Amino acid sequence: MNAFVSFHGAGIENILLLSAGTIDFVFSVLVYFTDKHREKNILFSLFGISVSAWAFSMVAFNLAIDPIIFSLSASLLYIFAACSACFFFFLSTSLKGGMIDLVPWRKMVAVVLFFSVLVLSVIPNLVVIPSKNPFIKELGIGHGYLLYGLYIIVYFSGGLFSLFREYRASSNFLTRKQIFFLTIGTLIAILIGVNTNLIFPYFNKWDLFWFGPVGTVFIVIFVGYATIRHNLFNTKSVAVESVSFLIWVVMFMRLFLSASVEDFMINGTLFLFVVGGGFILIASIYKEIETRERVEKLAKELEIANEHLRVLDKQKSEFVSIASHQLRTPLTAIIGYSSMLLEGTYGRLSASAIETVSKIYQSSRRLAGTIDDFLTISHIEQGKMDYVFTTVEIKSLLNSLVEEFTPQASLKNIKVHFTDDGYDLYNVTADNNKIRQVLSNLIDNAMKYGKGGNDIDVSLTKDFGTHKTRIAVRDSGIGMTQETIGALFQKFSRAKEVQKVYTEGSGIGLYIAQEMIKAHHGRIWVESEGEGKGATFFVELLSEE
């Protein structure tokens, strides 16, 4: 039998044990209520409550006079120590995502071994052998002591190894700091506990047997620091709860130190107000945390949805590109053969046949233009639009466009005028084909939505102060409202007034024009005084002069 000299009365050792147990318990409860649904918080709380119960059992062991209580408290010491080892092991595997990160069979093995050791600790005289002499408090080492000690060392070592592995694997600075402080605090507590409660007693050194539970305070200190400084658990809620609890304790002690009945009533009233205010404050913090977590969850879901939409949009663009390429081949053949039929390559056609083939030819040309627009959008969205930037003289370009559209405008009784502010050259750095496409689209729109007998004015100006060249295309057509202007350059957007005048548009020409002008670091916009008052489209590009 190995003798153990116990401590009687409220000595400094028991005061330290009670303090350590209370601190462990309070901090564990506070961590649990910060987020009751996360396994990380639950496991830390169970670990903290286990070491707290270990400390309280040591007090009962020290103060025990009855042999039964002495034997029971000795068993409880080893039971709660076994619990703390198991909960720490699972806690160390839950830090990465807040949940236990173990394959099912390993988790099952760990749980089975834990319950086996728990049963081992409960069986009398197997781990330790209390003295049956009611007047002498002694403990002896049982046959299962080494097996129990091996369990404690393996589980705590396994937990530390998991922490070290997670520390090495994580690239997040905050996570590494959290794990670092948790590891340091736990390592100090484990070294104290294993030495004073396992190794020293094995060699008949029982003098520091009581000190093991006191060392658990280091876990609370380092975890508390990691929480406040690096948000291991929820910083705000733990801080508020801790401060509130300390204030409650101070007010409660002041209540019992009242010098008179009047002081007792005043202190009692203050205590109730402080407790009530503390609960309201804590409730508001929890509500704020819950709201923030809900917002974070929604933001994450929105991010996932946006990513999914981006993937779908990319797939859509790729589909449009492939489909458009496939449509162009037969359409080119239709346009080619119908053109040859109109030219008389296969013989003279009757008047009715010419009219029918002309409709086929014109419809095919319009369809080809629409397909080209879809291909252009696809290339823009996929970032595959190629630009060949050279020096482009805008005045010459506009002159050629006006000449090109004049015959078509004459058929509608529309005149196209071109003016400039008198300079010889209007050079800009641009892709000639793309700028020509944009300006051609604006003039074509002015003709489609203008009124017969009215003019289209194309003007060109240059501002040396801002180094910008501006093109304006003004019509006196149907005009537009401010609501229409706001949506005009969006994809597939067409004004209601426009749809009544020209029903065949796709609503993508201005969107393409805008994207092309953006690629030139320029600007395109429209101004109108309202419905029936015409509209003016502007394009602004950087001048070379």
# chains A, B, ... in the order shown; residues from 1 in each chain; ligands from 1

$ residues_around --residues "Leu16 in chain A" --least-positions-apart "2" --cutoff "10 Å" --atoms "only C-alpha atoms" --output "PyMOL selection string"
chain A and resi 11-14+18-22+55+59+210-211+213-214

$ residues_around --residues "range 75-87 of chain A" --least-positions-apart "2" --cutoff "7 Å" --atoms "only C-alpha atoms" --output "NGL selection string"
:A and (43 or 46-47 or 50-51 or 53-54 or 57-58 or 71-73 or 89-91 or 114 or 118 or 121-122 or 152 or 155-156)

$ write_last_selection --atoms "N, CA and C atoms" --output "PDB file, in the first residue's frame"
ATOM      1  N   LEU A  43     -17.845  20.178 -27.334  1.00  0.00           N
ATOM      2  CA  LEU A  43     -16.732  19.348 -26.865  1.00  0.00           C
ATOM      3  C   LEU A  43     -15.835  20.115 -25.892  1.00  0.00           C
ATOM      4  N   LEU A  46     -17.683  20.161 -22.605  1.00  0.00           N
ATOM      5  CA  LEU A  46     -17.590  18.860 -21.921  1.00  0.00           C
ATOM      6  C   LEU A  46     -16.196  18.645 -21.334  1.00  0.00           C
ATOM      7  N   PHE A  47     -15.180  19.057 -22.091  1.00  0.00           N
ATOM      8  CA  PHE A  47     -13.805  18.950 -21.589  1.00  0.00           C
ATOM      9  C   PHE A  47     -13.629  19.806 -20.346  1.00  0.00           C
ATOM     10  N   SER A  50     -15.458  18.429 -17.365  1.00  0.00           N
ATOM     11  CA  SER A  50     -14.769  17.236 -16.853  1.00  0.00           C
ATOM     12  C   SER A  50     -13.607  17.617 -15.940  1.00  0.00           C
ATOM     13  N   VAL A  51     -12.768  18.581 -16.381  1.00  0.00           N
ATOM     14  CA  VAL A  51     -11.634  18.981 -15.535  1.00  0.00           C
ATOM     15  C   VAL A  51     -12.122  19.740 -14.311  1.00  0.00           C
ATOM     16  N   ALA A  53     -15.002  19.033 -12.760  1.00  0.00           N
ATOM     17  CA  ALA A  53     -15.450  17.954 -11.863  1.00  0.00           C
ATOM     18  C   ALA A  53     -14.257  17.224 -11.253  1.00  0.00           C
ATOM     19  N   TRP A  54     -13.179  17.123 -12.015  1.00  0.00           N
ATOM     20  CA  TRP A  54     -11.936  16.521 -11.489  1.00  0.00           C
ATOM     21  C   TRP A  54     -11.419  17.336 -10.310  1.00  0.00           C
ATOM     22  N   SER A  57     -13.769  16.895  -7.313  1.00  0.00           N
ATOM     23  CA  SER A  57     -13.578  15.549  -6.741  1.00  0.00           C
ATOM     24  C   SER A  57     -12.321  15.499  -5.889  1.00  0.00           C
ATOM     25  N   MET A  58     -11.284  16.248  -6.285  1.00  0.00           N
ATOM     26  CA  MET A  58     -10.051  16.298  -5.494  1.00  0.00           C
ATOM     27  C   MET A  58     -10.296  16.966  -4.142  1.00  0.00           C
ATOM     28  N   SER A  71     -13.285   6.468  -0.840  1.00  0.00           N
ATOM     29  CA  SER A  71     -13.139   5.524  -1.955  1.00  0.00           C
ATOM     30  C   SER A  71     -13.876   6.021  -3.201  1.00  0.00           C
ATOM     31  N   LEU A  72     -15.077   6.580  -3.011  1.00  0.00           N
ATOM     32  CA  LEU A  72     -15.864   7.085  -4.138  1.00  0.00           C
ATOM     33  C   LEU A  72     -15.172   8.274  -4.804  1.00  0.00           C
ATOM     34  N   SER A  73     -14.669   9.201  -3.993  1.00  0.00           N
ATOM     35  CA  SER A  73     -14.001  10.376  -4.559  1.00  0.00           C
ATOM     36  C   SER A  73     -12.716   9.978  -5.285  1.00  0.00           C
ATOM     37  N   PHE A  89      -9.389  14.847 -26.921  1.00  0.00           N
ATOM     38  CA  PHE A  89      -9.018  14.196 -28.176  1.00  0.00           C
ATOM     39  C   PHE A  89     -10.018  14.548 -29.290  1.00  0.00           C
ATOM     40  N   PHE A  90     -11.316  14.440 -28.979  1.00  0.00           N
ATOM     41  CA  PHE A  90     -12.329  14.768 -29.993  1.00  0.00           C
ATOM     42  C   PHE A  90     -12.354  16.267 -30.295  1.00  0.00           C
ATOM     43  N   LEU A  91     -12.118  17.094 -29.258  1.00  0.00           N
ATOM     44  CA  LEU A  91     -12.067  18.550 -29.474  1.00  0.00           C
ATOM     45  C   LEU A  91     -10.972  18.915 -30.467  1.00  0.00           C
ATOM     46  N   PHE A 114     -12.761   4.494 -24.782  1.00  0.00           N
ATOM     47  CA  PHE A 114     -13.108   5.409 -23.696  1.00  0.00           C
ATOM     48  C   PHE A 114     -14.028   4.724 -22.689  1.00  0.00           C
ATOM     49  N   LEU A 118     -13.498   3.724 -18.842  1.00  0.00           N
ATOM     50  CA  LEU A 118     -14.450   4.230 -17.855  1.00  0.00           C
ATOM     51  C   LEU A 118     -14.915   3.094 -16.950  1.00  0.00           C
ATOM     52  N   SER A 121     -12.208   2.192 -14.588  1.00  0.00           N
ATOM     53  CA  SER A 121     -12.049   3.123 -13.472  1.00  0.00           C
ATOM     54  C   SER A 121     -13.103   2.906 -12.395  1.00  0.00           C
ATOM     55  N   VAL A 122     -14.282   2.434 -12.822  1.00  0.00           N
ATOM     56  CA  VAL A 122     -15.383   2.240 -11.867  1.00  0.00           C
ATOM     57  C   VAL A 122     -15.173   0.987 -11.015  1.00  0.00           C
ATOM     58  N   ILE A 152      -4.534   7.502 -20.875  1.00  0.00           N
ATOM     59  CA  ILE A 152      -4.435   8.958 -20.684  1.00  0.00           C
ATOM     60  C   ILE A 152      -3.362   9.537 -21.598  1.00  0.00           C
ATOM     61  N   TYR A 155      -4.406   9.297 -25.467  1.00  0.00           N
ATOM     62  CA  TYR A 155      -5.470  10.209 -25.888  1.00  0.00           C
ATOM     63  C   TYR A 155      -5.006  11.661 -25.888  1.00  0.00           C
ATOM     64  N   PHE A 156      -4.285  12.057 -24.856  1.00  0.00           N
ATOM     65  CA  PHE A 156      -3.788  13.432 -24.828  1.00  0.00           C
ATOM     66  C   PHE A 156      -2.723  13.641 -25.915  1.00  0.00           C
TER      67      PHE A 156
END

$ atom_distance --atom1 "CA of Val438 in chain A" --atom2 "CA of Tyr511 in chain A"
10.2 Å

$ select_by_dssp --residues "range 36-189 of chain A" --states "strand (DSSP E or B)" --output "number ranges by chain"
A: 128-130, 138-141

$ residues_around --residues "Thr469 in chain A" --least-positions-apart "3" --cutoff "7 Å" --atoms "only C-alpha atoms" --output "PyMOL selection string"
chain A and resi 461-463+540-543

$ residues_around --residues "Leu425 in chain A" --least-positions-apart "4" --cutoff "10 Å" --atoms "only C-alpha atoms" --output "mmCIF file with N, CA and C atoms, in the first residue's frame"
data_model
loop_
_atom_site.group_PDB
_atom_site.id
_atom_site.type_symbol
_atom_site.label_atom_id
_atom_site.label_comp_id
_atom_site.auth_asym_id
_atom_site.auth_seq_id
_atom_site.Cartn_x
_atom_site.Cartn_y
_atom_site.Cartn_z
ATOM 1 N N VAL A 392 -7.422 55.593 -87.070
ATOM 2 C CA VAL A 392 -8.626 55.658 -87.896
ATOM 3 C C VAL A 392 -9.020 57.130 -88.054
ATOM 4 N N GLU A 393 -9.227 57.562 -89.296
ATOM 5 C CA GLU A 393 -9.658 58.940 -89.545
ATOM 6 C C GLU A 393 -11.186 58.931 -89.609
ATOM 7 N N ILE A 394 -11.819 59.433 -88.553
ATOM 8 C CA ILE A 394 -13.264 59.314 -88.379
ATOM 9 C C ILE A 394 -14.040 60.099 -89.439
ATOM 10 N N LYS A 395 -13.508 61.246 -89.868
ATOM 11 C CA LYS A 395 -14.225 62.063 -90.858
ATOM 12 C C LYS A 395 -14.424 61.277 -92.158
ATOM 13 N N SER A 396 -13.389 60.639 -92.644
ATOM 14 C CA SER A 396 -13.492 59.839 -93.873
ATOM 15 C C SER A 396 -14.444 58.671 -93.678
ATOM 16 N N LYS A 462 -14.380 68.040 -82.330
ATOM 17 C CA LYS A 462 -13.150 67.659 -81.634
ATOM 18 C C LYS A 462 -12.861 68.680 -80.548
ATOM 19 N N GLU A 545 -4.514 63.582 -81.601
ATOM 20 C CA GLU A 545 -3.855 64.882 -81.583
ATOM 21 C C GLU A 545 -3.883 65.459 -80.167
#
